[in-house]
file query_23.pdb (PDB, C-alpha atoms)
ATOM      1  CA  MET D 254      33.099  -6.833  21.326
ATOM      2  CA  PRO D 255      29.285  -6.871  21.608
ATOM      3  CA  ARG D 256      27.656  -8.634  24.525
ATOM      4  CA  GLU D 257      24.921 -10.067  22.315
ATOM      5  CA  ARG D 258      25.497 -12.261  19.307
ATOM      6  CA  GLY D 259      23.231 -12.971  16.361
ATOM      7  CA  GLU D 260      19.892 -11.562  15.326
ATOM      8  CA  GLN D 261      16.848 -11.134  17.557
ATOM      9  CA  VAL D 262      13.692 -10.210  15.613
ATOM     10  CA  ILE D 263      11.358  -7.776  17.376
ATOM     11  CA  ALA D 264       8.666  -7.148  14.764
ATOM     12  CA  THR D 265       7.916  -8.041  11.152
ATOM     13  CA  ASN D 266       5.606  -6.408   8.662
ATOM     14  CA  ARG D 267       3.713  -9.463   7.414
ATOM     15  CA  ARG D 268       1.123  -7.384   5.588
ATOM     16  CA  ALA D 269       3.801  -5.750   3.429
ATOM     17  CA  ARG D 270       4.457  -8.857   1.309
ATOM     18  CA  HIS D 271       0.719  -9.052   0.584
ATOM     19  CA  GLU D 272       0.253  -5.362  -0.211
ATOM     20  CA  TYR D 273       3.519  -4.703  -2.106
ATOM     21  CA  ALA D 274       5.845  -6.305  -4.625
ATOM     22  CA  ILE D 275       9.271  -6.139  -2.967
ATOM     23  CA  GLU D 276      12.101  -5.066  -5.300
ATOM     24  CA  LYS D 277      15.169  -4.760  -3.036
ATOM     25  CA  THR D 278      15.887  -4.595   0.688
ATOM     26  CA  TYR D 279      18.431  -2.614   2.695
ATOM     27  CA  GLU D 280      19.573  -2.852   6.311
ATOM     28  CA  ALA D 281      19.602   0.458   8.170
ATOM     29  CA  GLY D 282      20.510   1.484  11.689
ATOM     30  CA  LEU D 283      18.103   3.502  13.830
ATOM     31  CA  VAL D 284      18.705   6.576  15.970
ATOM     32  CA  LEU D 285      16.755   5.802  19.160
ATOM     33  CA  THR D 286      16.418   7.220  22.665
ATOM     34  CA  GLY D 287      17.060   5.104  25.762
ATOM     35  CA  THR D 288      13.422   4.375  26.550
ATOM     36  CA  GLU D 289      12.790   3.299  22.942
ATOM     37  CA  VAL D 290      15.572   0.725  23.171
ATOM     38  CA  LYS D 291      14.193  -0.579  26.474
ATOM     39  CA  SER D 292      10.720  -0.857  24.992
ATOM     40  CA  LEU D 293      12.119  -2.734  21.975
ATOM     41  CA  ARG D 294      14.003  -5.115  24.277
ATOM     42  CA  GLN D 295      10.615  -6.005  25.767
ATOM     43  CA  GLY D 296       9.629  -7.033  22.229
ATOM     44  CA  ARG D 297       7.039  -4.346  21.598
ATOM     45  CA  ALA D 298       6.735  -2.605  18.214
ATOM     46  CA  ASN D 299       4.344  -2.336  15.272
ATOM     47  CA  LEU D 300       5.533  -1.778  11.691
ATOM     48  CA  SER D 301       2.220  -2.143   9.851
ATOM     49  CA  ASP D 302       1.566   1.588   9.290
ATOM     50  CA  GLY D 303       5.208   2.603   8.921
ATOM     51  CA  TYR D 304       6.989   4.054   5.913
ATOM     52  CA  ALA D 305      10.349   5.636   5.159
ATOM     53  CA  PHE D 306      11.180   8.769   3.189
ATOM     54  CA  ILE D 307      14.194  10.754   2.046
ATOM     55  CA  ASP D 308      14.365  14.417   3.046
ATOM     56  CA  GLY D 309      17.369  16.705   2.673
ATOM     57  CA  GLY D 310      19.778  13.876   1.915
ATOM     58  CA  GLN D 311      18.770  11.937   5.027
ATOM     59  CA  ALA D 312      16.543   8.894   5.446
ATOM     60  CA  TRP D 313      13.699   8.954   7.978
ATOM     61  CA  LEU D 314      11.321   6.331   9.349
ATOM     62  CA  ASP D 315       7.827   7.528  10.190
ATOM     63  CA  ALA D 316       4.627   6.109  11.759
ATOM     64  CA  VAL D 317       6.344   3.082  13.321
ATOM     65  CA  HIS D 318       4.718   2.493  16.683
ATOM     66  CA  ILE D 319       7.149   1.811  19.543
ATOM     67  CA  PRO D 320       5.028   2.022  22.711
ATOM     68  CA  GLU D 321       6.196   3.976  25.736
ATOM     69  CA  TYR D 322       8.451   2.126  28.158
ATOM     70  CA  SER D 323       6.349   0.802  31.037
ATOM     71  CA  GLN D 324       8.853   1.712  33.775
ATOM     72  CA  GLY D 325       9.647   5.094  32.207
ATOM     73  CA  HIS D 326       8.663   8.477  33.619
ATOM     74  CA  TRP D 327       8.585  12.011  32.205
ATOM     75  CA  THR D 328      11.564  11.272  29.912
ATOM     76  CA  ASN D 329       9.531   8.714  27.911
ATOM     77  CA  HIS D 330       9.491   9.041  24.121
ATOM     78  CA  SER D 331       6.429   9.683  21.963
ATOM     79  CA  ALA D 332       5.167   6.440  20.441
ATOM     80  CA  LYS D 333       4.995   7.426  16.749
ATOM     81  CA  ARG D 334       7.757   9.982  16.343
ATOM     82  CA  THR D 335       9.904  10.305  13.209
ATOM     83  CA  ARG D 336      13.209   8.435  13.602
ATOM     84  CA  LYS D 337      16.402   8.913  11.626
ATOM     85  CA  LEU D 338      17.750   5.981   9.612
ATOM     86  CA  LEU D 339      21.486   5.377   9.379
ATOM     87  CA  LEU D 340      22.474   4.506   5.803
ATOM     88  CA  HIS D 341      25.497   5.096   3.602
ATOM     89  CA  LYS D 342      25.256   8.123   1.319
ATOM     90  CA  ASP D 343      25.263   6.009  -1.856
ATOM     91  CA  GLU D 344      22.386   3.903  -0.493
ATOM     92  CA  ILE D 345      20.381   7.042   0.257
ATOM     93  CA  VAL D 346      20.994   8.298  -3.295
ATOM     94  CA  LYS D 347      19.827   4.956  -4.757
ATOM     95  CA  LEU D 348      16.709   4.994  -2.597
ATOM     96  CA  SER D 349      15.843   8.590  -3.483
ATOM     97  CA  HIS D 350      16.253   7.876  -7.220
ATOM     98  CA  ALA D 351      14.000   4.824  -6.977
ATOM     99  CA  VAL D 352      11.279   6.725  -5.121
ATOM    100  CA  SER D 353      11.480   9.816  -7.343
ATOM    101  CA  ALA D 354      11.191   7.602 -10.471
ATOM    102  CA  GLY D 355       7.595   7.032  -9.427
ATOM    103  CA  GLY D 356       5.454   4.145  -8.327
ATOM    104  CA  TYR D 357       7.861   3.011  -5.619
ATOM    105  CA  THR D 358       7.769   3.515  -1.882
ATOM    106  CA  LEU D 359       9.997   2.658   1.073
ATOM    107  CA  ILE D 360       8.471   0.365   3.676
ATOM    108  CA  PRO D 361       9.926  -1.242   6.825
ATOM    109  CA  MET D 362       9.938  -5.042   6.613
ATOM    110  CA  LYS D 363      11.573  -6.133   9.857
ATOM    111  CA  LEU D 364      12.804  -4.551  13.091
ATOM    112  CA  TYR D 365      15.502  -6.473  14.944
ATOM    113  CA  PHE D 366      18.631  -6.381  17.074
ATOM    114  CA  SER D 367      21.818  -7.427  15.277
ATOM    115  CA  ASP D 368      24.710  -7.956  17.690
ATOM    116  CA  GLY D 369      22.987  -5.692  20.214
ATOM    117  CA  ARG D 370      22.239  -2.820  17.813
ATOM    118  CA  ALA D 371      18.741  -1.917  16.631
ATOM    119  CA  LYS D 372      18.326  -2.339  12.880
ATOM    120  CA  VAL D 373      15.455  -2.051  10.458
ATOM    121  CA  GLU D 374      15.166  -3.749   7.085
ATOM    122  CA  ILE D 375      13.589  -1.361   4.599
ATOM    123  CA  ALA D 376      12.436  -2.341   1.137
ATOM    124  CA  ILE D 377      11.863  -0.568  -2.149
ATOM    125  CA  ALA D 378       8.369  -1.734  -3.035
ATOM    126  CA  LYS D 379       5.660  -1.199  -5.617
ATOM    127  CA  GLY D 380       2.010  -1.415  -4.602
ATOM    128  CA  LYS D 381       0.080  -4.424  -5.873
ATOM    129  CA  ARG D 382      -3.321  -4.152  -7.488
ATOM    130  CA  GLU D 383      -6.202  -6.292  -6.252
ATOM    131  CA  PHE D 384      -5.943  -8.880  -9.042
ATOM    132  CA  GLU D 385      -2.191  -9.250  -8.389
ATOM    133  CA  LYS D 386      -2.901 -10.014  -4.732
ATOM    134  CA  ARG D 387      -5.435 -12.684  -5.721
ATOM    135  CA  GLN D 388      -2.982 -14.161  -8.207
ATOM    136  CA  THR D 389      -0.263 -14.391  -5.549
ATOM    137  CA  ILE D 390      -2.639 -16.193  -3.186
ATOM    138  CA  ARG D 391      -3.717 -18.562  -5.963
ATOM    139  CA  GLU D 392      -0.100 -19.393  -6.850
ATOM    140  CA  ARG D 393       0.726 -20.086  -3.206
ATOM    141  CA  GLU D 394      -2.289 -22.416  -2.844
ATOM    142  CA  ASP D 395      -1.423 -24.237  -6.097
ATOM    143  CA  LYS D 396       2.125 -24.787  -4.871
ATOM    144  CA  ARG D 397       0.812 -26.222  -1.586
ATOM    145  CA  GLU D 398      -1.553 -28.547  -3.491
ATOM    146  CA  ALA D 399       1.310 -29.811  -5.665
ATOM    147  CA  GLU D 400       3.491 -30.467  -2.622
ATOM    148  CA  ARG D 401       0.655 -32.365  -0.907
ATOM    149  CA  ALA D 402       0.064 -34.473  -4.010
ATOM    150  CA  MET D 403       3.775 -35.284  -4.310
ATOM    151  CA  ARG D 404       3.980 -36.178  -0.627
ATOM    152  CA  SER D 405       0.968 -38.510  -0.792
ATOM    153  CA  ARG D 406       2.259 -40.052  -4.020
ATOM    154  CA  ASN D 407       5.660 -40.716  -2.415
ATOM    155  CA  ARG D 408       4.005 -42.378   0.594
ATOM    156  CA  LEU D 409       1.976 -44.695  -1.636
ATOM    157  CA  GLY D 410       5.079 -45.697  -3.598
ATOM    158  CA  GLU D 411       6.968 -46.839  -0.490
TER     159      GLU D 411
END
call {"tool": "encode", "arguments": {"input": "query_23.pdb", "output": "structure tokens"}}
result
Amino acid sequence: MPRERGEQVIATNRRARHEYAIEKTYEAGLVLTGTEVKSLRQGRANLSDGYAFIDGGQAWLDAVHIPEYSQGHWTNHSAKRTRKLLLHKDEIVKLSHAVSAGGYTLIPMKLYFSDGRAKVEIAIAKGKREFEKRQTIREREDKREAERAMRSRNRLGE
């Protein structure tokens, strides 16, 4: 039975929802060294430049920055090394078909501990164009305006 319960978020890729249209997400395990886990437990990671790829029937996570462990010594890990993702074979096949179809990429959305094990949420995403980004922002602001108007209208009616 795990010592830890629940989900503890370490890092999220907030820029990803702005830059990409998210199609589907998957949860994957990570193959990490000891100092990487210790560094993650300190809550230090950066997903903004990261991406995933399929190579030789295996999924890999690249360019995710997990800084060196502060109390580590010569056995410390390199900060931006390629890390193996743990997925089921059928999930890897689905991901590789989606990416090979064109226009889609695999990006990390969230890095977290789930019941004491390091997990990453990866998403199949399609890049947004500039006008799509503006449209998304406009829709979000319009929704906020409508909620404000409804809230003020409800207060006046009381």
call {"tool": "resolve_selection", "arguments": {"input": "query_23.pdb", "expression": "the PyMOL selection byres ((chain D and resi 256) around 12)", "output": "list in words"}}
result
Met254, Pro255, Glu257, Arg258, Gly259, Phe366, Ser367, Asp368, Gly369 and Arg370 of chain D
call {"tool": "atom_distance", "arguments": {"input": "query_23.pdb", "atom1": "CA of Leu364 in chain D", "atom2": "CA of Lys381 in chain D"}}
result
22.8 Å
call {"tool": "closest_residue", "arguments": {"input": "query_23.pdb", "among": "D:Thr335, D:Ser349, D:Thr328, D:Thr358", "to": "Ile375 in chain D", "atoms": "all atoms listed in the file"}}
result
D:Thr358
call {"tool": "closest_residue", "arguments": {"input": "query_23.pdb", "among": "D:Leu339, D:Ile319, D:Leu348, D:Ile377", "to": "Val290 in chain D", "atoms": "all atoms listed in the file"}}
result
D:Ile319
call {"tool": "closest_residue", "arguments": {"input": "query_23.pdb", "among": "D:Thr286, D:Ser331, D:Ser301, D:Thr278", "to": "Asn266 in chain D", "atoms": "all atoms listed in the file"}}
result
D:Ser301
call {"tool": "resolve_selection", "arguments": {"input": "query_23.pdb", "expression": "the PyMOL selection byres ((chain D and resi 300) around 8)", "output": "PyMOL selection string"}}
result
chain D and resi 264-266+298-299+301-303+316-318+361-364
call {"tool": "atom_distance", "arguments": {"input": "query_23.pdb", "atom1": "CA of Leu338 in chain D", "atom2": "CA of Ala269 in chain D"}}
result
19.2 Å
call {"tool": "atom_distance", "arguments": {"input": "query_23.pdb", "atom1": "CA of Glu280 in chain D", "atom2": "CA of Leu340 in chain D"}}
result
7.9 Å
